[in-house]
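Read through the structure below, which is laid out as structure tokens, and then see the notes.
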Amino acid sequence: METTPYNPFQVAQSQFDKVAAVLELDEGVRELLRQPMREYQFTIPVRMDDGTVQVFKGFRVQHNDARGPAKGGIRFHPMETIDTVRALSMWMTWKCSVVDIPLGGGKGGVICDPHHLSQREQEQICRGWIRQIVKNVGPISDVPAPDVMTNGQHMLWMLDEFEAIHGGRYPGFITGKPVGMGGSLGRTEATGFGVVYTLREALKVLGLPLDRTVASVQGFGNVAQYAAQRYTQLGGTVVAISCWDQADKVSYTFRKKGGVCLQELRGIADKFGGIDKNRARDLGYEKMPGEAWLEQEVDILLPAALENQINRGNVGKIAKSVKVVAEGANGPTTPEADEVLKERGVFVLPDFLTNAGGVTCSYFEQVQCNANYFWEKDEVLAKLDTKMTSAFAAVNELASRQKLFMRDAAYMIAINRVAEAVRLRGWA
Ligand code: NAD
């Protein structure tokens, strides 16, 4: 039997088509928004350490920049495809729009596997990527950032190449830079803290005092750790955390009924967010199967690891006590599971709203760099809170007024804002 391979761009387009129909968008606007405005595909020749030349394939897709310069990460991945980059660039447009920051959506990539490349080879790929696209990116047109398998070092090499070509300093060209080299304080915490600012507002709407709620978390990486930190600081209790075990090649859930201690778990976690199972046992944690995080009798589920984690196969295992799913990860809930949660009346905080704290802080980085004036961490986090809170309020207001699921309301607001920008500019 033939199966159709998963194509993220087709998924992104069909999500868009559904909302466009509800919004009754004009045909021209629809046609413009359902595809990227610009796409670049290019070769990056690199002289490898062994003296041979290897040619890598690079991409940059600018889905839409009606609301501001395109914004989005650059992924290094051996399985990168143009359709993945297209889909991700479209999702970036909606994410920037739903939190109402003046940026559009973009994404980039290189087909490569950094595990098998030296630092020098990676630097050459970064510099080559810039040389091929330099005329089409920049602080006022398209602002890249780190993503899968790229980090602040890659961004600095790219920035350096861009500045060498232009003969000036343009720190606002790229975000995700290390602090001290134009990076923003608070960026490390931003996504996780943003998840909790949104969750805090949702709990207010539901009339649940946060300090009497209990949560179960999937993941113990950047997003999960800072979300759990902010949530417990506000008085919430995390009873279970699930993460990947690299040695056993399975995931486990670590549970402590009275509540986990983040500090001690951080002390026994590796840099990939894996928890040492033996040391966890010594500290009194119960080790359970990977999916057990989803079956806990808690008020809140916080998936912050991977996509497709709440699906048709396991959604039925979610306890009746669960009232909120706060999507820290991108795409953690499949459309089938989403329907089940909808029917059950679970309040789902959609990913592109809930985890938009990262891109919001990247926007703050860009603003600080362009002004060449850097804010204190408290100021960054306070501004982040304000942005996330008002984004939640707008989505929630529409959802309650029109009796919509939060995800649908978030899409409607995001797409409507971009459609309006396109119309006001006279593009369609
Ligand atoms: P990370 O690599 O720091 O952490 C990932 C965590 O997931 C690790 O603890 C790992 O052990 C765990 N994990 C992996 N496979 C698992 C499995 N099968 N079961 C249970 N746990 C598993 O990643 P991150 O930066 O925290 O990102 C997490 C999610 O949030 C991703 O979907 C990412 O796209 C999304 N996101 C991240 C940011 C950001 O700023 N970091 C922003 C927006 C969205």
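Convention: chains lettered A, B, ... in structure tokens order; per-chain residue numbering from 1; ligands numbered from 1 as shown.
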
Next item on the list: List all protein, DNA and RNA residues that have an atom no more than 8 Å from any atom of ligand 1, counting only C-alpha atoms and all ligand atoms, and report them as number ranges by chain.
Entry: A: 148, 187-188, 190-192, 218-225, 242-245, 250-253, 271-275, 290-291, 304-307, 309, 328-332, 351-352, 355-359

Note to self: Using only C-alpha atoms, which protein or nucleic acid residues come within 10 Å of Cys261 (chain A)? Drop anything in the same chain fewer than 6 positions from it, and give the result as an NGL selection string.
What the structure shows: :A and (228-229 or 232 or 237-239 or 283)

Could you write out the selected residues, including all heavy atoms, as a tab-separated table (two decimals), in the first residue's frame?
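Result went into again.tsv, see below:
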```tsv
chain	number	residue	atom	x	y	z
A	228	ALA	N	9.12	25.31	33.95
A	228	ALA	CA	8.93	24.70	35.27
A	228	ALA	C	9.45	25.65	36.36
A	228	ALA	O	8.84	25.78	37.42
A	228	ALA	CB	9.66	23.36	35.32
A	229	GLN	N	10.55	26.32	36.08
A	229	GLN	CA	11.12	27.25	37.07
A	229	GLN	C	10.14	28.39	37.39
A	229	GLN	O	9.84	28.66	38.54
A	229	GLN	CB	12.43	27.83	36.53
A	229	GLN	CG	13.07	28.86	37.46
A	229	GLN	CD	14.36	29.41	36.87
A	229	GLN	OE1	15.17	28.68	36.28
A	229	GLN	NE2	14.57	30.71	37.01
A	232	THR	N	6.91	27.12	39.20
A	232	THR	CA	7.09	26.79	40.63
A	232	THR	C	7.37	28.06	41.43
A	232	THR	O	6.93	28.18	42.56
A	232	THR	CB	8.19	25.73	40.85
A	232	THR	OG1	9.35	26.10	40.12
A	232	THR	CG2	7.77	24.36	40.37
A	237	THR	N	3.03	23.38	41.48
A	237	THR	CA	3.79	22.18	41.81
A	237	THR	C	3.94	21.30	40.57
A	237	THR	O	2.94	20.96	39.93
A	237	THR	CB	3.05	21.36	42.90
A	237	THR	OG1	2.77	22.24	43.99
A	237	THR	CG2	3.89	20.19	43.39
A	238	VAL	N	5.18	20.94	40.23
A	238	VAL	CA	5.43	20.00	39.13
A	238	VAL	C	5.66	18.63	39.76
A	238	VAL	O	6.57	18.47	40.57
A	238	VAL	CB	6.67	20.42	38.30
A	238	VAL	CG1	6.99	19.38	37.24
A	238	VAL	CG2	6.44	21.78	37.66
A	239	VAL	N	4.83	17.65	39.39
A	239	VAL	CA	4.99	16.32	40.01
A	239	VAL	C	5.72	15.32	39.12
A	239	VAL	O	6.20	14.30	39.61
A	239	VAL	CB	3.64	15.70	40.44
A	239	VAL	CG1	3.08	16.42	41.66
A	239	VAL	CG2	2.66	15.66	39.29
A	283	LEU	N	17.74	9.95	44.59
A	283	LEU	CA	17.12	11.16	45.18
A	283	LEU	C	15.63	10.95	45.47
A	283	LEU	O	14.92	11.89	45.82
A	283	LEU	CB	17.30	12.34	44.22
A	283	LEU	CG	18.72	12.89	44.08
A	283	LEU	CD1	18.83	13.83	42.88
A	283	LEU	CD2	19.13	13.63	45.36
```

Output as JSON lines one row per residue of region 215-322 of chain A within 6 Å of region 193-205 of chain A: the closest atom pair and its distance in Å to one decimal place, counting only C-alpha atoms, sorted by chain and residue number ascending.
```
{"residue": "A:Tyr226", "atom": "CA", "partner": "A:Phe193", "partner_atom": "CA", "distance": 5.9}
{"residue": "A:Ala227", "atom": "CA", "partner": "A:Phe193", "partner_atom": "CA", "distance": 5.3}
{"residue": "A:Arg230", "atom": "CA", "partner": "A:Phe193", "partner_atom": "CA", "distance": 5.9}
```

Residues from last step as file, all heavy atoms, as a PDB file, in the first residue's frame:
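Full text of selection-v9.pdb as output:
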```pdb
ATOM      1  N   TYR A 226      12.830  26.232  32.031  1.00  0.00           N
ATOM      2  CA  TYR A 226      12.475  27.599  32.445  1.00  0.00           C
ATOM      3  C   TYR A 226      10.976  27.753  32.671  1.00  0.00           C
ATOM      4  O   TYR A 226      10.556  28.552  33.507  1.00  0.00           O
ATOM      5  CB  TYR A 226      13.049  28.634  31.472  1.00  0.00           C
ATOM      6  CG  TYR A 226      14.542  28.751  31.662  1.00  0.00           C
ATOM      7  CD1 TYR A 226      15.435  28.138  30.793  1.00  0.00           C
ATOM      8  CD2 TYR A 226      15.060  29.399  32.778  1.00  0.00           C
ATOM      9  CE1 TYR A 226      16.807  28.196  31.011  1.00  0.00           C
ATOM     10  CE2 TYR A 226      16.423  29.466  33.012  1.00  0.00           C
ATOM     11  CZ  TYR A 226      17.296  28.864  32.119  1.00  0.00           C
ATOM     12  OH  TYR A 226      18.655  28.916  32.357  1.00  0.00           O
ATOM     13  N   ALA A 227      10.184  26.969  31.956  1.00  0.00           N
ATOM     14  CA  ALA A 227       8.733  26.997  32.232  1.00  0.00           C
ATOM     15  C   ALA A 227       8.492  26.438  33.633  1.00  0.00           C
ATOM     16  O   ALA A 227       7.768  27.036  34.438  1.00  0.00           O
ATOM     17  CB  ALA A 227       7.985  26.182  31.181  1.00  0.00           C
ATOM     18  N   ARG A 230       9.625  29.027  36.341  1.00  0.00           N
ATOM     19  CA  ARG A 230       8.731  30.173  36.565  1.00  0.00           C
ATOM     20  C   ARG A 230       7.424  29.720  37.219  1.00  0.00           C
ATOM     21  O   ARG A 230       6.892  30.393  38.106  1.00  0.00           O
ATOM     22  CB  ARG A 230       8.430  30.870  35.221  1.00  0.00           C
ATOM     23  CG  ARG A 230       7.880  32.254  35.367  1.00  0.00           C
ATOM     24  CD  ARG A 230       8.990  33.253  35.728  1.00  0.00           C
ATOM     25  NE  ARG A 230       8.464  34.543  36.157  1.00  0.00           N
ATOM     26  CZ  ARG A 230       8.374  34.923  37.430  1.00  0.00           C
ATOM     27  NH1 ARG A 230       8.758  34.117  38.406  1.00  0.00           N
ATOM     28  NH2 ARG A 230       7.893  36.108  37.743  1.00  0.00           N
TER      29      ARG A 230
END
```

Margin query: Please identify the strand (DSSP E or B) residues within region 310-370 of chain A (assignment by DSSP from backbone atoms) and present them as an MDAnalysis selection string.
Written below: chainID A and resid 310 324:326 333 347:349

Margin query: Excluding Val324 (chain A) and its own-chain neighbours fewer than 5 positions away, which residues fall within 8 Å of it when counting only C-alpha atoms? Please give them as number ranges by chain.
Written below: A: 299-301, 346-349

Can you tell me, as a compact mmCIF listing (two decimals) with N, CA and C atoms, in the first residue's frame, what residues are no more than 6 Å from region 41-44 of chain A when counting only C-alpha atoms, ignoring any on the same chain fewer than 5 positions away?
```txt
# COMPACT_ATOMS: atom_id res chain seq x y z
N VAL A 55 29.87 20.37 -1.89
CA VAL A 55 28.89 21.42 -2.20
C VAL A 55 27.62 21.17 -1.40
N PHE A 56 27.29 22.13 -0.52
CA PHE A 56 26.09 22.02 0.31
C PHE A 56 24.96 22.81 -0.32
N LYS A 57 23.76 22.44 0.05
CA LYS A 57 22.59 23.14 -0.50
C LYS A 57 22.01 24.04 0.58
N GLY A 58 21.80 25.32 0.26
CA GLY A 58 21.24 26.27 1.23
C GLY A 58 19.89 26.79 0.79
N PHE A 59 19.09 27.23 1.80
CA PHE A 59 17.75 27.78 1.52
C PHE A 59 17.51 29.04 2.35
N GLY A 128 29.60 30.98 3.78
CA GLY A 128 29.14 30.73 2.41
C GLY A 128 27.64 31.01 2.28
```

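Proximity of A:Pro5, A:Gly267, A:Gly105, A:Pro69 to Pro36 (chain A), computed with only C-alpha atoms, is greatest for A:Gly105.
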
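Within the 7 Å cut-off around region 27-34 of chain A, using only C-alpha atoms and omitting residues fewer than 4 positions from it on the same chain, the listed residues are Gln13, Phe16, Ala20, Ala419 and Ala428 of chain A.
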
Could the residues in this selection be saved with N, CA, C and O atoms as a PDB file, in the first residue's frame?
```pdb
ATOM      1  N   GLN A  13      -0.469  24.824   4.567  1.00  0.00           N
ATOM      2  CA  GLN A  13      -1.417  25.410   3.614  1.00  0.00           C
ATOM      3  C   GLN A  13      -2.854  25.029   3.937  1.00  0.00           C
ATOM      4  O   GLN A  13      -3.764  25.852   3.842  1.00  0.00           O
ATOM      5  N   PHE A  16      -4.065  27.033   6.789  1.00  0.00           N
ATOM      6  CA  PHE A  16      -4.340  28.388   6.337  1.00  0.00           C
ATOM      7  C   PHE A  16      -5.665  28.446   5.568  1.00  0.00           C
ATOM      8  O   PHE A  16      -6.490  29.325   5.801  1.00  0.00           O
ATOM      9  N   ALA A  20      -8.732  30.878   6.256  1.00  0.00           N
ATOM     10  CA  ALA A  20      -9.031  31.865   5.212  1.00  0.00           C
ATOM     11  C   ALA A  20     -10.502  31.789   4.813  1.00  0.00           C
ATOM     12  O   ALA A  20     -11.147  32.814   4.572  1.00  0.00           O
ATOM     13  N   ALA A 419      -3.309  39.787   6.657  1.00  0.00           N
ATOM     14  CA  ALA A 419      -4.175  40.115   5.511  1.00  0.00           C
ATOM     15  C   ALA A 419      -4.437  41.621   5.464  1.00  0.00           C
ATOM     16  O   ALA A 419      -4.401  42.242   4.398  1.00  0.00           O
ATOM     17  N   ALA A 428      -2.939  43.427  -2.453  1.00  0.00           N
ATOM     18  CA  ALA A 428      -4.000  42.514  -2.916  1.00  0.00           C
ATOM     19  C   ALA A 428      -5.349  43.013  -2.418  1.00  0.00           C
ATOM     20  O   ALA A 428      -5.417  43.780  -1.471  1.00  0.00           O
TER      21      ALA A 428
END
```

Next item on the list: Show which residues sit within 6 Å of region 81-95 of chain A, as a PyMOL selection string. Count only C-alpha atoms, and ignore same-chain residues fewer than 4 positions away.
Entry: chain A and resi 8-9+12+63+104-107+352+414

Notebook entry, point to check: Quick one: of A:Gln122, A:Lys71, A:Lys317, A:Ala421, who's nearest to Ala292 (chain A), counting only C-alpha atoms?
Noted result: A:Lys317

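With only C-alpha atoms as the atoms that count, the residue of A:Glu161, A:Pro102, A:Asn7, A:Cys96 with the shortest distance to Cys126 (chain A) is A:Glu161.
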
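For the atom pair formed by CA of Gln54 (chain A) and CA of Pro78 (chain A), the distance is 14.0 Å, given to one decimal.
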
Next item on the list: From region 92-237 of chain A, collect each residue whose DSSP state is helix (DSSP H, G or I) and return the set as a PyMOL selection string.
Entry: chain A and resi 92-98+114-116+119-136+152-166+171-173+187-206+210-212+222-233

Notebook entry, point to check: Just how far from CA of Gly172 (chain A) is CA of Pro139 (chain A), in Å to one decimal?
Noted result: 5.4 Å

Checklist line | Residue among A:Ala240, A:Ile74, A:Val99, A:Ile111 lying closest to Val217 (chain A), counting only C-alpha atoms | finding: A:Ala240

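The two atoms in question, CA of Ala66 (chain A) and CA of Val418 (chain A), are spaced 6.7 Å apart.
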
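Among the candidate residues A:Asp113, A:Asp100, A:Asp385, A:Asp378, the one lying nearest to Ile413 (chain A) is A:Asp100, with distances computed using only C-alpha atoms.
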